[in-house]
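Asker: What follows is the file start_11.pdb, containing PDB, C-alpha atoms and all ligand atoms:
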```
MODEL        1
ATOM      1  CA  MET X 204     171.484 -93.660  -1.413
ATOM      2  CA  GLN X 205     169.313 -95.142  -4.146
ATOM      3  CA  VAL X 206     165.759 -96.219  -3.339
ATOM      4  CA  LYS X 207     163.873 -98.369  -5.872
ATOM      5  CA  ILE X 208     160.228 -99.190  -5.332
ATOM      6  CA  LEU X 209     158.435-102.082  -7.043
ATOM      7  CA  THR X 210     154.690-101.397  -7.023
ATOM      8  CA  GLY X 211     151.470-101.898  -8.937
ATOM      9  CA  TYR X 212     150.415 -98.371  -7.918
ATOM     10  CA  PRO X 213     153.285 -96.074  -9.005
ATOM     11  CA  ASP X 214     151.113 -92.929  -8.772
ATOM     12  CA  ILE X 215     151.191 -93.164  -4.958
ATOM     13  CA  PHE X 216     154.870 -92.047  -5.138
ATOM     14  CA  PRO X 217     156.671 -89.864  -4.256
ATOM     15  CA  GLY X 218     153.712 -88.863  -2.029
ATOM     16  CA  ALA X 219     154.985 -87.907   1.425
ATOM     17  CA  LEU X 220     158.574 -88.464   0.259
ATOM     18  CA  ASN X 221     158.445 -85.266  -1.805
ATOM     19  CA  HIS X 222     157.868 -83.030   1.232
ATOM     20  CA  SER X 223     159.700 -81.420   4.128
ATOM     21  CA  VAL X 224     163.233 -82.539   5.035
ATOM     22  CA  VAL X 225     163.059 -85.807   3.069
ATOM     23  CA  GLY X 226     161.666 -84.049  -0.035
ATOM     24  CA  ASN X 227     164.367 -81.366   0.223
ATOM     25  CA  ALA X 228     167.018 -84.087   0.442
ATOM     26  CA  LEU X 229     165.546 -85.682  -2.702
ATOM     27  CA  LYS X 230     165.822 -82.343  -4.527
ATOM     28  CA  LYS X 231     169.432 -82.003  -3.308
ATOM     29  CA  ASN X 232     170.233 -85.527  -4.613
ATOM     30  CA  ILE X 233     171.182 -86.782  -1.150
ATOM     31  CA  TRP X 234     169.056 -89.751  -2.186
ATOM     32  CA  SER X 235     167.304 -90.848  -5.384
ATOM     33  CA  LEU X 236     163.951 -92.498  -6.000
ATOM     34  CA  GLU X 237     163.000 -94.802  -8.872
ATOM     35  CA  VAL X 238     159.479 -96.189  -9.009
ATOM     36  CA  ILE X 239     159.069 -99.368 -11.075
ATOM     37  CA  ASN X 240     155.556-100.252 -12.249
ATOM     38  CA  LEU X 241     154.909-103.987 -11.920
ATOM     39  CA  HIS X 242     152.222-103.693 -14.632
ATOM     40  CA  ASP X 243     154.995-102.927 -17.172
ATOM     41  CA  PHE X 244     156.150-106.545 -16.709
ATOM     42  CA  SER X 245     152.753-108.143 -17.073
ATOM     43  CA  TYR X 246     152.200-111.401 -18.963
ATOM     44  CA  ASP X 247     148.943-110.442 -20.717
ATOM     45  CA  GLN X 248     147.159-107.682 -22.634
ATOM     46  CA  ARG X 249     145.196-106.676 -19.530
ATOM     47  CA  LYS X 250     148.478-105.866 -17.731
ATOM     48  CA  SER X 251     147.641-108.307 -14.933
ATOM     49  CA  ILE X 252     150.207-108.896 -12.219
ATOM     50  CA  ASP X 253     148.257-111.283  -9.981
ATOM     51  CA  ASP X 254     146.514-114.642 -10.035
ATOM     52  CA  GLU X 255     144.381-116.882  -7.824
ATOM     53  CA  PRO X 256     145.979-118.601  -4.819
ATOM     54  CA  PHE X 257     146.812-122.300  -5.119
ATOM     55  CA  GLY X 258     144.858-124.241  -2.497
ATOM     56  CA  GLY X 259     141.932-121.841  -2.764
ATOM     57  CA  GLY X 260     140.932-118.948  -0.580
ATOM     58  CA  PRO X 261     139.950-115.326  -1.081
ATOM     59  CA  GLY X 262     141.828-112.651  -3.010
ATOM     60  CA  MET X 263     144.669-112.645  -5.481
ATOM     61  CA  ILE X 264     148.436-113.092  -5.202
ATOM     62  CA  ILE X 265     151.139-111.125  -7.066
ATOM     63  CA  ARG X 266     152.984-113.509  -9.400
ATOM     64  CA  PRO X 267     156.658-114.356  -8.822
ATOM     65  CA  ASP X 268     157.675-114.069 -12.496
ATOM     66  CA  ILE X 269     156.387-110.475 -12.635
ATOM     67  CA  VAL X 270     158.374-109.494  -9.553
ATOM     68  CA  GLU X 271     161.530-111.133 -10.917
ATOM     69  CA  LYS X 272     161.203-109.393 -14.312
ATOM     70  CA  ALA X 273     160.663-106.030 -12.586
ATOM     71  CA  LEU X 274     163.714-106.588 -10.399
ATOM     72  CA  LEU X 275     165.873-107.568 -13.393
ATOM     73  CA  SER X 276     165.003-104.221 -15.025
ATOM     74  CA  ILE X 277     167.155-102.520 -12.373
ATOM     75  CA  LYS X 278     170.702-102.044 -13.670
ATOM     76  CA  TYR X 279     172.934-104.351 -11.635
ATOM     77  CA  GLU X 280     175.806-102.547  -9.951
ATOM     78  CA  GLU X 281     178.700-104.539  -8.542
ATOM     79  CA  ASN X 282     180.231-103.920  -5.134
ATOM     80  CA  ILE X 283     177.400-101.911  -3.729
ATOM     81  CA  ASN X 284     175.752-102.486  -0.415
ATOM     82  CA  ARG X 285     172.152-103.352  -1.305
ATOM     83  CA  LYS X 286     169.159-104.888   0.378
ATOM     84  CA  LEU X 287     165.765-106.124  -0.828
ATOM     85  CA  VAL X 288     162.771-105.603   1.433
ATOM     86  CA  TYR X 289     159.244-106.981   1.038
ATOM     87  CA  LEU X 290     156.696-105.140   3.160
ATOM     88  CA  THR X 291     154.215-107.535   4.732
ATOM     89  CA  PRO X 292     152.243-107.681   7.994
ATOM     90  CA  SER X 293     153.789-111.134   8.517
ATOM     91  CA  GLY X 294     157.341-109.721   8.519
ATOM     92  CA  LYS X 295     159.701-108.743  11.347
ATOM     93  CA  SER X 296     158.730-105.494  13.074
ATOM     94  CA  LEU X 297     160.281-102.309  11.750
ATOM     95  CA  ASN X 298     162.086-100.308  14.427
ATOM     96  CA  GLN X 299     164.634 -97.519  14.788
ATOM     97  CA  ILE X 300     167.571 -99.973  14.801
ATOM     98  CA  LYS X 301     166.433-101.452  11.466
ATOM     99  CA  LEU X 302     166.062 -97.950   9.996
ATOM    100  CA  ALA X 303     169.593 -97.071  11.090
ATOM    101  CA  GLU X 304     170.832-100.300   9.450
ATOM    102  CA  TYR X 305     169.059 -99.458   6.160
ATOM    103  CA  SER X 306     170.380 -95.899   6.214
ATOM    104  CA  GLN X 307     173.908 -97.361   5.737
ATOM    105  CA  LEU X 308     172.964 -98.967   2.383
ATOM    106  CA  ASP X 309     173.869 -97.765  -1.109
ATOM    107  CA  GLN X 310     170.706 -99.246  -2.592
ATOM    108  CA  LEU X 311     167.395-100.212  -1.007
ATOM    109  CA  ILE X 312     164.875-102.084  -3.159
ATOM    110  CA  ILE X 313     161.352-102.278  -1.753
ATOM    111  CA  LEU X 314     158.562-104.540  -2.944
ATOM    112  CA  CYS X 315     155.025-103.345  -2.149
ATOM    113  CA  GLY X 316     152.389-106.056  -1.948
ATOM    114  CA  ARG X 317     148.655-105.696  -2.722
ATOM    115  CA  PHE X 318     145.608-107.968  -2.617
ATOM    116  CA  GLU X 319     146.468-111.040  -0.470
ATOM    117  CA  GLY X 320     150.211-110.534  -0.909
ATOM    118  CA  VAL X 321     153.078-111.891  -3.024
ATOM    119  CA  ASP X 322     153.984-115.472  -4.038
ATOM    120  CA  GLN X 323     156.356-116.670  -1.292
ATOM    121  CA  ARG X 324     158.771-118.348  -3.747
ATOM    122  CA  VAL X 325     160.038-115.029  -5.103
ATOM    123  CA  VAL X 326     160.363-113.592  -1.589
ATOM    124  CA  LYS X 327     162.551-116.563  -0.635
ATOM    125  CA  ALA X 328     164.497-117.051  -3.883
ATOM    126  CA  LEU X 329     165.499-113.408  -4.237
ATOM    127  CA  ASN X 330     166.176-113.010  -0.525
ATOM    128  CA  PHE X 331     163.721-110.249   0.298
ATOM    129  CA  GLU X 332     163.767-109.341   3.973
ATOM    130  CA  GLU X 333     160.145-109.398   5.207
ATOM    131  CA  ILE X 334     159.286-106.290   7.234
ATOM    132  CA  SER X 335     156.056-105.195   8.902
ATOM    133  CA  ILE X 336     155.320-101.625   9.991
ATOM    134  CA  GLY X 337     152.947-102.733  12.751
ATOM    135  CA  ASP X 338     150.415-105.232  14.000
ATOM    136  CA  TYR X 339     147.590-104.233  11.686
ATOM    137  CA  VAL X 340     146.717-104.912   8.043
ATOM    138  CA  LEU X 341     146.634-102.201   5.366
ATOM    139  CA  ALA X 342     145.459-102.618   1.771
ATOM    140  CA  GLY X 343     148.914-102.273   0.212
ATOM    141  CA  GLY X 344     152.637-101.852   0.799
ATOM    142  CA  GLU X 345     152.893 -98.325  -0.636
ATOM    143  CA  ILE X 346     152.174 -96.436   2.613
ATOM    144  CA  PRO X 347     154.453 -98.818   4.585
ATOM    145  CA  ALA X 348     157.176 -98.175   1.961
ATOM    146  CA  GLN X 349     156.851 -94.418   2.494
ATOM    147  CA  VAL X 350     157.011 -94.947   6.249
ATOM    148  CA  LEU X 351     160.182 -97.011   5.931
ATOM    149  CA  VAL X 352     161.894 -94.694   3.433
ATOM    150  CA  GLU X 353     161.041 -91.489   5.327
ATOM    151  CA  GLY X 354     162.305 -92.989   8.592
ATOM    152  CA  CYS X 355     165.499 -94.118   6.918
ATOM    153  CA  ILE X 356     166.291 -91.008   4.831
ATOM    154  CA  ARG X 357     165.968 -88.596   7.780
ATOM    155  CA  LEU X 358     168.927 -90.438   9.340
ATOM    156  CA  LEU X 359     171.241 -89.661   6.399
ATOM    157  CA  PRO X 360     173.887 -86.991   7.027
ATOM    158  CA  GLY X 361     172.772 -83.545   5.845
ATOM    159  CA  VAL X 362     169.031 -84.330   5.831
ATOM    160  CA  LEU X 363     168.020 -82.849   9.178
ATOM    161  CA  GLY X 364     168.861 -79.228   9.900
ATOM    162  CA  GLN X 365     170.083 -80.187  13.374
ATOM    163  CA  SER X 366     171.478 -83.708  13.572
ATOM    164  CA  LYS X 367     171.490 -83.249  17.364
ATOM    165  CA  SER X 368     167.727 -83.853  17.276
ATOM    166  CA  LEU X 369     168.441 -87.524  16.480
ATOM    167  CA  LEU X 370     170.268 -88.025  19.773
ATOM    168  CA  GLU X 371     167.425 -87.403  22.200
ATOM    169  CA  GLU X 372     164.384 -88.475  20.230
ATOM    170  CA  SER X 373     162.101 -91.396  21.025
ATOM    171  CA  PHE X 374     163.699 -94.869  20.969
ATOM    172  CA  SER X 375     167.274 -93.633  21.365
ATOM    173  CA  ASN X 376     168.374 -95.276  24.655
ATOM    174  CA  ASN X 377     165.110 -97.279  24.772
ATOM    175  CA  LEU X 378     163.200 -94.252  26.082
ATOM    176  CA  LEU X 379     160.415 -92.137  24.609
ATOM    177  CA  GLU X 380     161.074 -88.441  24.162
ATOM    178  CA  TYR X 381     160.155 -86.031  26.966
ATOM    179  CA  PRO X 382     157.196 -83.645  26.360
ATOM    180  CA  GLN X 383     157.996 -80.462  24.436
ATOM    181  CA  TYR X 384     156.532 -76.934  24.733
ATOM    182  CA  THR X 385     156.671 -73.691  22.744
ATOM    183  CA  ARG X 386     155.097 -70.180  22.728
ATOM    184  CA  PRO X 387     152.814 -68.802  24.030
ATOM    185  CA  GLN X 388     154.232 -69.183  27.541
ATOM    186  CA  VAL X 389     150.668 -69.086  28.909
ATOM    187  CA  TRP X 390     148.091 -70.537  26.527
ATOM    188  CA  LYS X 391     144.463 -69.534  27.140
ATOM    189  CA  ASP X 392     142.115 -72.105  25.577
ATOM    190  CA  ILE X 393     138.634 -71.318  24.182
ATOM    191  CA  ARG X 394     137.080 -71.996  27.609
ATOM    192  CA  ASN X 395     139.436 -69.380  29.093
ATOM    193  CA  ASN X 396     141.468 -71.988  31.000
ATOM    194  CA  GLU X 397     145.134 -71.028  31.312
ATOM    195  CA  HIS X 398     147.840 -73.620  30.640
ATOM    196  CA  GLU X 399     151.384 -72.750  31.685
ATOM    197  CA  VAL X 400     154.656 -74.164  30.448
ATOM    198  CA  PRO X 401     156.473 -76.209  33.164
ATOM    199  CA  LYS X 402     158.440 -73.617  35.198
ATOM    200  CA  VAL X 403     161.741 -75.502  35.082
ATOM    201  CA  LEU X 404     161.940 -74.959  31.290
ATOM    202  CA  LEU X 405     161.961 -71.187  31.856
ATOM    203  CA  SER X 406     164.644 -71.351  34.575
ATOM    204  CA  GLY X 407     167.642 -71.238  32.234
ATOM    205  CA  HIS X 408     169.222 -73.876  34.530
ATOM    206  CA  HIS X 409     170.598 -76.415  32.041
ATOM    207  CA  GLU X 410     171.342 -79.191  34.534
ATOM    208  CA  LYS X 411     167.868 -78.986  36.090
ATOM    209  CA  ILE X 412     166.231 -78.965  32.648
ATOM    210  CA  LYS X 413     168.271 -82.011  31.614
ATOM    211  CA  GLN X 414     167.253 -83.927  34.764
ATOM    212  CA  TRP X 415     163.580 -82.912  34.406
ATOM    213  CA  ARG X 416     163.535 -84.083  30.798
ATOM    214  CA  LEU X 417     165.100 -87.426  31.716
ATOM    215  CA  ASP X 418     162.547 -87.943  34.531
ATOM    216  CA  GLN X 419     159.715 -87.088  32.131
ATOM    217  CA  SER X 420     161.119 -89.490  29.523
ATOM    218  CA  VAL X 421     161.189 -92.316  32.044
ATOM    219  CA  GLU X 422     157.649 -91.540  33.286
ATOM    220  CA  LYS X 423     156.232 -91.381  29.777
ATOM    221  CA  THR X 424     157.978 -94.618  28.767
ATOM    222  CA  LYS X 425     156.679 -96.414  31.888
ATOM    223  CA  LEU X 426     153.169 -95.272  31.048
ATOM    224  CA  ASN X 427     153.071 -95.782  27.267
ATOM    225  CA  ARG X 428     155.738 -98.429  26.595
ATOM    226  CA  PRO X 429     156.624-100.491  29.666
ATOM    227  CA  ASP X 430     158.253-103.030  27.322
ATOM    228  CA  LEU X 431     160.994-100.466  26.554
ATOM    229  CA  ILE X 432     161.712 -99.995  30.275
ATOM    230  CA  GLU X 433     162.240-103.759  30.574
ATOM    231  CA  LYS X 434     164.684-103.582  27.641
ATOM    232  CA  LYS X 435     166.484-100.658  29.269
ATOM    233  CA  LYS X 436     166.955-102.628  32.497
ATOM    234  CA  LYS X 437     168.814-105.284  30.480
ATOM    235  CA  GLU X 438     171.129-102.702  28.781
TER     236      GLU X 438
HETATM  237  C1  LIG O 501     145.893-106.861   2.537
HETATM  238  S1  LIG O 501     147.622-106.957   2.742
HETATM  239  C2  LIG O 501     147.893-108.712   2.729
HETATM  240  C3  LIG O 501     147.743-109.323   4.071
HETATM  241  C4  LIG O 501     148.115-110.797   4.093
HETATM  242  N1  LIG O 501     147.139-111.593   3.433
HETATM  243  C5  LIG O 501     148.268-111.254   5.557
HETATM  244  O1  LIG O 501     147.274-111.653   6.153
HETATM  245  O2  LIG O 501     149.395-111.157   6.090
HETATM  246  C6  LIG O 501     148.256-106.448   1.183
HETATM  247  C7  LIG O 501     149.644-105.863   1.209
HETATM  248  O3  LIG O 501     149.641-104.714   2.042
HETATM  249  C8  LIG O 501     150.919-104.536   2.619
HETATM  250  N2  LIG O 501     150.753-104.399   4.079
HETATM  251  C9  LIG O 501     149.589-104.421   4.756
HETATM  252  N3  LIG O 501     149.778-104.255   6.064
HETATM  253  C10 LIG O 501     151.107-104.104   6.249
HETATM  254  C11 LIG O 501     151.923-103.922   7.389
HETATM  255  N4  LIG O 501     151.417-103.851   8.611
HETATM  256  N5  LIG O 501     153.263-103.797   7.213
HETATM  257  C12 LIG O 501     153.789-103.874   5.971
HETATM  258  N6  LIG O 501     153.065-104.075   4.844
HETATM  259  C13 LIG O 501     151.739-104.190   4.976
HETATM  260  C14 LIG O 501     151.765-105.728   2.214
HETATM  261  O4  LIG O 501     152.627-105.371   1.161
HETATM  262  C15 LIG O 501     150.733-106.750   1.783
HETATM  263  O5  LIG O 501     151.254-107.649   0.834
ENDMDL
END
```
Mind turning this structure into structure tokens?
Ligand SMILES: C[S@@+](CC[C@H](N)C(=O)[O-])C[C@H]1O[C@@H](n2cnc3c(N)ncnc32)[C@H](O)[C@@H]1O

Answerer:
Amino acid sequence: MQVKILTGYPDIFPGALNHSVVGNALKKNIWSLEVINLHDFSYDQRKSIDDEPFGGGPGMIIRPDIVEKALLSIKYEENINRKLVYLTPSGKSLNQIKLAEYSQLDQLIILCGRFEGVDQRVVKALNFEEISIGDYVLAGGEIPAQVLVEGCIRLLPGVLGQSKSLLEESFSNNLLEYPQYTRPQVWKDIRNNEHEVPKVLLSGHHEKIKQWRLDQSVEKTKLNRPDLIEKKKKE
């Protein structure tokens, strides 16, 4: 899978994408990353990429001609499955289903906004899908891009050591994952309080463990994400 990032801040990449399972997959060429600097397509000596908003208001807007020129620098390949994404707080919410959809692509092109955003004409004309990573506003699209790419790449075959871990994790089946525990079996904290691992996990009884985990998943989802329980009821 090819990932191409259009950004005014290329130094932010590969960032988190160079580490752990996703970074290892990059080294193994399971996916590739090309970072395209919008400033290389600037219209003036100062390498500007933005201008004032029509109609007034604070901040600057990334120009449509710059984005188009940057996009045209990518070698066009016929018959590949590709998608263009613009990261914006005013986009559709990113979720696990969307990530799974993107993980099927041959090429994913991501536009990172800055300042007050990007001229809407280029978003519309070039058919960028508008995606938000959450109901809050960050300063730029580079961290959201890393969130999206990391979430997507870990779904590719051969990226995770154990692909089984994808089956039971949060959001599969509209449930959150059950709580997990590891050694030591009894953890003594600095106030000398002892915390034990739930006994059922030490029982070796697979059926009981499975049922306990499911019950815990449901409880945690009810508590933290009741909206998912409502979705599950409609399944
Ligand atoms: C300061 S924000 C612009 C916010 C915009 N004026 C608005 O109110 O919707 C600058 C850039 O950060 C990125 N960004 C900020 N928050 C984001 C979010 N929650 N999801 C995706 N991208 C985000 C986008 O690329 C956006 O163009």

Asker: Grab me every residue within 12 Å of ligand LIG 501 (chain O), counting all atoms listed in the file, and send it over as a VMD selection string.

Answerer: chain X and resid 208 to 212 253 256 260 to 266 288 to 298 313 to 323 326 332 to 351

Asker: From the list X:Leu378, X:Val389, X:Val206, X:Ile432, which residue is nearest Gln419 of chain X when using all atoms listed in the file?

Answerer: X:Leu378

Asker: The PyMOL selection byres (((chain X and resi 236-239) around 8) and not hetatm) - which residues does that actually catch in the file I just gave you? List them as a PyMOL selection string.

Answerer: chain X and resi 205-210+213+216-217+229+234-235+240-241+273

Asker: Mind checking which residues fall within 10 Å of Glu399 of chain X, counting all atoms listed in the file, ignoring those fewer than 5 positions away in the same chain, and posting them as a VMD selection string?

Answerer: chain X and resid 384 387 to 391

Asker: Applying the PyMOL selection byres (((chain X and resi 244) around 10) and not hetatm) to the file I just gave you, which residues come out? Please list them as a count of residues only.

Answerer: 19

Asker: Assuming the chain letters and numbering stay as they are in my file, what does the PyMOL selection byres (((chain X and resi 285) around 10) and not hetatm) actually select? List them as a list in words.

Answerer: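 For this structure, the PyMOL selection byres (((chain X and resi 285) around 10) and not hetatm) resolves to Met204, Gln205, Val206, Glu280, Glu281, Asn282, Ile283, Asn284, Lys286, Leu287, Tyr305, Gln307, Leu308, Asp309, Gln310, Leu311 and Ile312 of chain X.
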
Asker: Residues of the last selection are to be written out with C-alpha atoms, as an mmCIF file, in the coordinates of the input.

Answerer:
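selection-v3.cif was written with the following content:
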```
data_model
loop_
_atom_site.group_PDB
_atom_site.id
_atom_site.type_symbol
_atom_site.label_atom_id
_atom_site.label_comp_id
_atom_site.auth_asym_id
_atom_site.auth_seq_id
_atom_site.Cartn_x
_atom_site.Cartn_y
_atom_site.Cartn_z
ATOM 1 C CA MET X 204 171.484 -93.660 -1.413
ATOM 2 C CA GLN X 205 169.313 -95.142 -4.146
ATOM 3 C CA VAL X 206 165.759 -96.219 -3.339
ATOM 4 C CA GLU X 280 175.806 -102.547 -9.951
ATOM 5 C CA GLU X 281 178.700 -104.539 -8.542
ATOM 6 C CA ASN X 282 180.231 -103.920 -5.134
ATOM 7 C CA ILE X 283 177.400 -101.911 -3.729
ATOM 8 C CA ASN X 284 175.752 -102.486 -0.415
ATOM 9 C CA LYS X 286 169.159 -104.888 0.378
ATOM 10 C CA LEU X 287 165.765 -106.124 -0.828
ATOM 11 C CA TYR X 305 169.059 -99.458 6.160
ATOM 12 C CA GLN X 307 173.908 -97.361 5.737
ATOM 13 C CA LEU X 308 172.964 -98.967 2.383
ATOM 14 C CA ASP X 309 173.869 -97.765 -1.109
ATOM 15 C CA GLN X 310 170.706 -99.246 -2.592
ATOM 16 C CA LEU X 311 167.395 -100.212 -1.007
ATOM 17 C CA ILE X 312 164.875 -102.084 -3.159
#
```

Asker: So that each row is one residue of segment 226-248 of chain X with an atom at most 9 Å from segment 218-221 of chain X, can you give its shortest atom pair and the distance in Å to one decimal, using only C-alpha atoms, rows by chain and rising number, as a tab-separated table?

Answerer:
```
residue	atom	partner	partner_atom	distance
X:Gly226	CA	X:Asn221	CA	3.9
X:Asn227	CA	X:Asn221	CA	7.4
X:Ala228	CA	X:Asn221	CA	8.9
X:Leu229	CA	X:Asn221	CA	7.2
X:Lys230	CA	X:Asn221	CA	8.4
```

Asker: What is the distance, in Å and to one decimal place, between atom CA of Gln248 of chain X and atom CA of Ile215 of chain X?

Answerer: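 Computing it gives 23.2 Å between the two atoms.
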
Asker: Complete the atom set of segment 404-421 of chain X to N, CA, C and O atoms and return it as a PDB file, in the frame of the given file.

Answerer:
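As a result, out_1.pdb now contains:
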```pdb
ATOM      1  N   LEU X 404     161.451 -75.227  32.656  1.00  0.00           N
ATOM      2  CA  LEU X 404     161.940 -74.959  31.290  1.00  0.00           C
ATOM      3  C   LEU X 404     162.238 -73.480  31.069  1.00  0.00           C
ATOM      4  O   LEU X 404     162.904 -73.104  30.102  1.00  0.00           O
ATOM      5  N   LEU X 405     161.727 -72.634  31.979  1.00  0.00           N
ATOM      6  CA  LEU X 405     161.961 -71.187  31.856  1.00  0.00           C
ATOM      7  C   LEU X 405     163.106 -70.746  32.765  1.00  0.00           C
ATOM      8  O   LEU X 405     163.477 -69.582  32.782  1.00  0.00           O
ATOM      9  N   SER X 406     163.668 -71.706  33.532  1.00  0.00           N
ATOM     10  CA  SER X 406     164.644 -71.351  34.575  1.00  0.00           C
ATOM     11  C   SER X 406     166.010 -70.989  34.007  1.00  0.00           C
ATOM     12  O   SER X 406     166.797 -70.325  34.659  1.00  0.00           O
ATOM     13  N   GLY X 407     166.308 -71.468  32.811  1.00  0.00           N
ATOM     14  CA  GLY X 407     167.642 -71.238  32.234  1.00  0.00           C
ATOM     15  C   GLY X 407     168.706 -72.119  32.895  1.00  0.00           C
ATOM     16  O   GLY X 407     169.885 -72.022  32.564  1.00  0.00           O
ATOM     17  N   HIS X 408     168.288 -73.010  33.800  1.00  0.00           N
ATOM     18  CA  HIS X 408     169.222 -73.876  34.530  1.00  0.00           C
ATOM     19  C   HIS X 408     169.373 -75.192  33.758  1.00  0.00           C
ATOM     20  O   HIS X 408     168.532 -76.092  33.853  1.00  0.00           O
ATOM     21  N   HIS X 409     170.475 -75.297  32.984  1.00  0.00           N
ATOM     22  CA  HIS X 409     170.598 -76.415  32.041  1.00  0.00           C
ATOM     23  C   HIS X 409     170.592 -77.787  32.708  1.00  0.00           C
ATOM     24  O   HIS X 409     169.978 -78.730  32.207  1.00  0.00           O
ATOM     25  N   GLU X 410     171.274 -77.895  33.842  1.00  0.00           N
ATOM     26  CA  GLU X 410     171.342 -79.191  34.534  1.00  0.00           C
ATOM     27  C   GLU X 410     169.955 -79.639  35.001  1.00  0.00           C
ATOM     28  O   GLU X 410     169.563 -80.792  34.846  1.00  0.00           O
ATOM     29  N   LYS X 411     169.215 -78.653  35.594  1.00  0.00           N
ATOM     30  CA  LYS X 411     167.868 -78.986  36.090  1.00  0.00           C
ATOM     31  C   LYS X 411     166.941 -79.379  34.938  1.00  0.00           C
ATOM     32  O   LYS X 411     166.127 -80.289  35.064  1.00  0.00           O
ATOM     33  N   ILE X 412     167.081 -78.660  33.820  1.00  0.00           N
ATOM     34  CA  ILE X 412     166.231 -78.965  32.648  1.00  0.00           C
ATOM     35  C   ILE X 412     166.542 -80.378  32.140  1.00  0.00           C
ATOM     36  O   ILE X 412     165.639 -81.168  31.852  1.00  0.00           O
ATOM     37  N   LYS X 413     167.851 -80.685  32.097  1.00  0.00           N
ATOM     38  CA  LYS X 413     168.271 -82.011  31.614  1.00  0.00           C
ATOM     39  C   LYS X 413     167.674 -83.109  32.494  1.00  0.00           C
ATOM     40  O   LYS X 413     167.133 -84.102  31.990  1.00  0.00           O
ATOM     41  N   GLN X 414     167.770 -82.925  33.821  1.00  0.00           N
ATOM     42  CA  GLN X 414     167.253 -83.927  34.764  1.00  0.00           C
ATOM     43  C   GLN X 414     165.736 -84.057  34.650  1.00  0.00           C
ATOM     44  O   GLN X 414     165.186 -85.156  34.622  1.00  0.00           O
ATOM     45  N   TRP X 415     165.050 -82.899  34.520  1.00  0.00           N
ATOM     46  CA  TRP X 415     163.580 -82.912  34.406  1.00  0.00           C
ATOM     47  C   TRP X 415     163.163 -83.676  33.157  1.00  0.00           C
ATOM     48  O   TRP X 415     162.250 -84.499  33.177  1.00  0.00           O
ATOM     49  N   ARG X 416     163.879 -83.415  32.058  1.00  0.00           N
ATOM     50  CA  ARG X 416     163.535 -84.083  30.798  1.00  0.00           C
ATOM     51  C   ARG X 416     163.744 -85.595  30.905  1.00  0.00           C
ATOM     52  O   ARG X 416     162.932 -86.377  30.408  1.00  0.00           O
ATOM     53  N   LEU X 417     164.835 -85.993  31.547  1.00  0.00           N
ATOM     54  CA  LEU X 417     165.100 -87.426  31.716  1.00  0.00           C
ATOM     55  C   LEU X 417     163.990 -88.064  32.559  1.00  0.00           C
ATOM     56  O   LEU X 417     163.457 -89.120  32.198  1.00  0.00           O
ATOM     57  N   ASP X 418     163.619 -87.404  33.673  1.00  0.00           N
ATOM     58  CA  ASP X 418     162.547 -87.943  34.531  1.00  0.00           C
ATOM     59  C   ASP X 418     161.245 -88.081  33.739  1.00  0.00           C
ATOM     60  O   ASP X 418     160.540 -89.078  33.847  1.00  0.00           O
ATOM     61  N   GLN X 419     160.944 -87.053  32.936  1.00  0.00           N
ATOM     62  CA  GLN X 419     159.715 -87.088  32.131  1.00  0.00           C
ATOM     63  C   GLN X 419     159.761 -88.219  31.107  1.00  0.00           C
ATOM     64  O   GLN X 419     158.761 -88.891  30.865  1.00  0.00           O
ATOM     65  N   SER X 420     160.941 -88.405  30.506  1.00  0.00           N
ATOM     66  CA  SER X 420     161.119 -89.490  29.523  1.00  0.00           C
ATOM     67  C   SER X 420     160.817 -90.836  30.167  1.00  0.00           C
ATOM     68  O   SER X 420     160.086 -91.660  29.599  1.00  0.00           O
ATOM     69  N   VAL X 421     161.376 -91.035  31.353  1.00  0.00           N
ATOM     70  CA  VAL X 421     161.189 -92.316  32.044  1.00  0.00           C
ATOM     71  C   VAL X 421     159.709 -92.504  32.386  1.00  0.00           C
ATOM     72  O   VAL X 421     159.136 -93.573  32.136  1.00  0.00           O
TER      73      VAL X 421
END
```
